[in-house]
Amino acid sequence: MSSPLEQFEIKPIVGLYVKGYDISFSNSALAMVISSAAIILIFALLLRKRSIIPNLAQSVPEALYEFIYNLIKSSTGKAGLKYFSFIFCLFLYIAVGNVFGLFPYSFTFTSHIAAVGALSILALIFNMIVGIRARKLGYLRTFLPKGIPYALAPLVVPIEMISLLSKPFSLTVRLVANMTVGHIMLKILGGFVVGLGLFGFVPIVFQALIIIFELFIAVLQAFIYTVLSCIYLGDALRAH
C-alpha cells in the first residue's frame with residue numbers, strides 16, 4: 001500500500017523554468033483549472049434556460065446566491081454587499097476545490113499551505129484596500145481602537161498589527177488541517193478495505209459513510225472560510 005501522504009505530492013505535468021525558477025504546470029495547478037472550469041460549466045448549464053419563475057435547475061444557483069447574500073449582509077451590513085462577487089467566488093472556489101479532491105485520482109489543492117495561504121493573503125490585501133477606500137485615514141484606527149490612551153500605543157499597535165497579519169494564517173491552517181487529516185483517514189481506511197479482500201464488506205460501508213462525512217466537511221469548511229472572510233471584511237469596513 002502506498003503512503004497516505006503520497007496523494008499530497010505535487011508533480012509537474014509541463015516543466016517550465018525561468019532563470020532558475022521552477023514555474024512548472026503541476027497537478028495542483030491542473031486541479032485549480034478544473035475546479036474553476038467546473039464552476040463556470042455548472043452555472044452555465046443550470047442557468048441556460050432562465051425565466052421569471054425559476055425551474056429546479058435555476059433554483060439551485062439562486063438559492064446559493066441568496067444564501068451568500070444574506071451571509072454578507074448579516075456579517076458586514078449593506079456596505080459589504082458591493083463586494084458580493086468576491087465573497088461568492090471565494091466560497092465557490094474553496095467548496096468545489098474541496099469536493100473535487102474527493103474524486104479518485106484527483107488532487108486536493110486546498111490541502112496545501114502555499115495554495116490556500118496565497119488565497120488568504122489575497123483576501124487580506126483585498127480587505128485592507130476596501131478598508132482604506134471606505135475609511136481613508138480612519139483605517140489606522142484598526143491598530144489603535146477608540147478609547148485606548150495614546151500612551152499605550154507602543155504596546156497596542158504591535159498587538160493589533162500581529163492580530164491583523166495572523167488572520168490569513170488562521171484561515172489557512174484551519175482549512176489545510178481539515179482537508180489533510182480527512183484525506184489521510186480515507187487513504188488508510190481504503191488500504192484496509194483492499195487488504196481484507198472479500199471480508200471487507202463492513203469496511204466498505206464504513207468507508208462510504210466516511211466519504212459522505214468528508215463531503216459534508218468539505219462544504220462546511222468552505223462555509224467557515226467564507227464566514228470568517230466576511231467577518232474580517234466587516235472589521236475593515238467598520239471602525240472599532
# chains A, B, ... in the order shown; residues from 1 in each chain; ligands from 1
>>> select_by_dssp(residues="range 61-116 of chain A", states="helix (DSSP H, G or I)", output="NGL selection string")
:A and (61-76 or 78-100 or 109-111 or 113-116)
>>> residues_around(residues="range 56-67 of chain A", least_positions_apart="2", cutoff="9 Å", atoms="only C-alpha atoms", output="list in words")
Phe43, Leu45, Leu46, Leu47, Arg48, Lys49, Arg50, Ser51, Pro54, Tyr69, Asn70, Leu71, Ile72 and Phe88 of chain A
>>> closest_residue(among="A:Leu186, A:Ile87, A:Val205, A:Ile162", to="Ser75 in chain A", atoms="only C-alpha atoms")
A:Ile87
>>> residues_around(residues="Leu164 in chain A", least_positions_apart="5", cutoff="10 Å", atoms="only C-alpha atoms", output="list in words")
Leu124, Met128, Thr142, Phe143, Pro158, Ile159, Phe169 and Tyr232 of chain A
>>> closest_atom_pairs(of="range 102-204 of chain A", to="range 211-215 of chain A", cutoff="9 Å", atoms="only C-alpha atoms", output="Markdown table")
| residue | atom | partner | partner_atom | distance |
| --- | --- | --- | --- | --- |
| A:Leu102 | CA | A:Leu215 | CA | 7.6 |
| A:Met179 | CA | A:Glu214 | CA | 8.6 |
| A:Gly182 | CA | A:Glu214 | CA | 6.6 |
| A:His183 | CA | A:Glu214 | CA | 8.3 |
| A:Leu186 | CA | A:Ile211 | CA | 7.4 |
>>> closest_residue(among="A:Ala177, A:Val156, A:Ala115, A:Ala236", to="Arg135 in chain A", atoms="only C-alpha atoms")
A:Ala236
>>> closest_residue(among="A:Ile94, A:Arg238, A:Val227, A:Leu165", to="Arg133 in chain A", atoms="only C-alpha atoms")
A:Arg238
>>> residues_around(residues="Tyr105 in chain A", least_positions_apart="3", cutoff="12 Å", atoms="only C-alpha atoms", output="PyMOL selection string")
chain A and resi 6-8+27+31+100-102+108+187
>>> residues_around(residues="Glu9 in chain A", least_positions_apart="6", cutoff="10 Å", atoms="only C-alpha atoms", output="list in words")
Asn27, Ser28, Phe107 and His112 of chain A
>>> write_last_selection(atoms="C-alpha atoms", output="mmCIF file, in the first residue's frame")
data_model
loop_
_atom_site.group_PDB
_atom_site.id
_atom_site.type_symbol
_atom_site.label_atom_id
_atom_site.label_comp_id
_atom_site.auth_asym_id
_atom_site.auth_seq_id
_atom_site.Cartn_x
_atom_site.Cartn_y
_atom_site.Cartn_z
ATOM 1 C CA ASN A 27 -1.141 18.539 -10.843
ATOM 2 C CA SER A 28 -2.085 21.174 -8.267
ATOM 3 C CA PHE A 107 -5.758 16.298 -6.303
ATOM 4 C CA HIS A 112 -1.536 22.744 0.577
#
>>> closest_residue(among="A:Phe126, A:Ile224, A:Leu137, A:Thr110", to="Val176 in chain A", atoms="only C-alpha atoms")
A:Thr110
>>> residues_around(residues="Phe25 in chain A", least_positions_apart="6", cutoff="8 Å", atoms="only C-alpha atoms", output="list in words")
Pro12, Ile13, Val14, Gly15 and Leu16 of chain A
>>> decode(residues="range 118-165 of chain A", atoms="C-alpha atoms", output="PDB file, in the first residue's frame")
ATOM      1  CA  ALA A 118      -1.845  32.696  -1.225  1.00  0.00           C
ATOM      2  CA  LEU A 119      -5.643  32.902  -1.380  1.00  0.00           C
ATOM      3  CA  SER A 120      -5.824  34.030   2.255  1.00  0.00           C
ATOM      4  CA  ILE A 121      -3.169  36.705   1.730  1.00  0.00           C
ATOM      5  CA  LEU A 122      -5.088  37.911  -1.322  1.00  0.00           C
ATOM      6  CA  ALA A 123      -8.220  38.165   0.842  1.00  0.00           C
ATOM      7  CA  LEU A 124      -6.272  40.140   3.473  1.00  0.00           C
ATOM      8  CA  ILE A 125      -4.919  42.581   0.873  1.00  0.00           C
ATOM      9  CA  PHE A 126      -8.422  42.938  -0.566  1.00  0.00           C
ATOM     10  CA  ASN A 127      -9.842  43.711   2.896  1.00  0.00           C
ATOM     11  CA  MET A 128      -7.120  46.282   3.574  1.00  0.00           C
ATOM     12  CA  ILE A 129      -7.753  48.046   0.256  1.00  0.00           C
ATOM     13  CA  VAL A 130     -11.501  48.049   0.922  1.00  0.00           C
ATOM     14  CA  GLY A 131     -10.970  49.402   4.443  1.00  0.00           C
ATOM     15  CA  ILE A 132      -8.671  52.192   3.272  1.00  0.00           C
ATOM     16  CA  ARG A 133     -11.058  53.196   0.488  1.00  0.00           C
ATOM     17  CA  ALA A 134     -14.039  53.212   2.858  1.00  0.00           C
ATOM     18  CA  ARG A 135     -12.470  54.859   5.909  1.00  0.00           C
ATOM     19  CA  LYS A 136      -9.464  56.731   4.480  1.00  0.00           C
ATOM     20  CA  LEU A 137      -7.119  57.676   7.341  1.00  0.00           C
ATOM     21  CA  GLY A 138      -9.699  56.360   9.781  1.00  0.00           C
ATOM     22  CA  TYR A 139      -8.496  52.880   8.847  1.00  0.00           C
ATOM     23  CA  LEU A 140      -5.495  53.500  11.076  1.00  0.00           C
ATOM     24  CA  ARG A 141      -7.915  53.153  13.991  1.00  0.00           C
ATOM     25  CA  THR A 142      -7.684  49.430  13.277  1.00  0.00           C
ATOM     26  CA  PHE A 143      -4.335  49.477  15.061  1.00  0.00           C
ATOM     27  CA  LEU A 144      -5.394  51.836  17.874  1.00  0.00           C
ATOM     28  CA  PRO A 145      -9.105  51.438  18.694  1.00  0.00           C
ATOM     29  CA  LYS A 146     -11.046  54.347  20.139  1.00  0.00           C
ATOM     30  CA  GLY A 147     -10.837  54.698  23.896  1.00  0.00           C
ATOM     31  CA  ILE A 148      -7.278  53.424  24.122  1.00  0.00           C
ATOM     32  CA  PRO A 149      -4.917  56.046  25.601  1.00  0.00           C
ATOM     33  CA  TYR A 150      -2.185  57.173  23.220  1.00  0.00           C
ATOM     34  CA  ALA A 151       0.351  56.315  25.922  1.00  0.00           C
ATOM     35  CA  LEU A 152      -0.457  52.636  25.305  1.00  0.00           C
ATOM     36  CA  ALA A 153       0.069  52.938  21.539  1.00  0.00           C
ATOM     37  CA  PRO A 154       3.579  51.351  21.616  1.00  0.00           C
ATOM     38  CA  LEU A 155       2.002  48.273  23.200  1.00  0.00           C
ATOM     39  CA  VAL A 156      -1.389  48.134  21.474  1.00  0.00           C
ATOM     40  CA  VAL A 157      -0.319  48.922  17.882  1.00  0.00           C
ATOM     41  CA  PRO A 158       2.104  45.956  17.536  1.00  0.00           C
ATOM     42  CA  ILE A 159      -0.516  43.631  19.053  1.00  0.00           C
ATOM     43  CA  GLU A 160      -3.184  44.819  16.610  1.00  0.00           C
ATOM     44  CA  MET A 161      -0.765  44.506  13.694  1.00  0.00           C
ATOM     45  CA  ILE A 162       0.072  40.932  14.679  1.00  0.00           C
ATOM     46  CA  SER A 163      -3.653  40.226  15.034  1.00  0.00           C
ATOM     47  CA  LEU A 164      -4.302  41.565  11.527  1.00  0.00           C
ATOM     48  CA  LEU A 165      -1.438  39.647   9.936  1.00  0.00           C
TER      49      LEU A 165
END
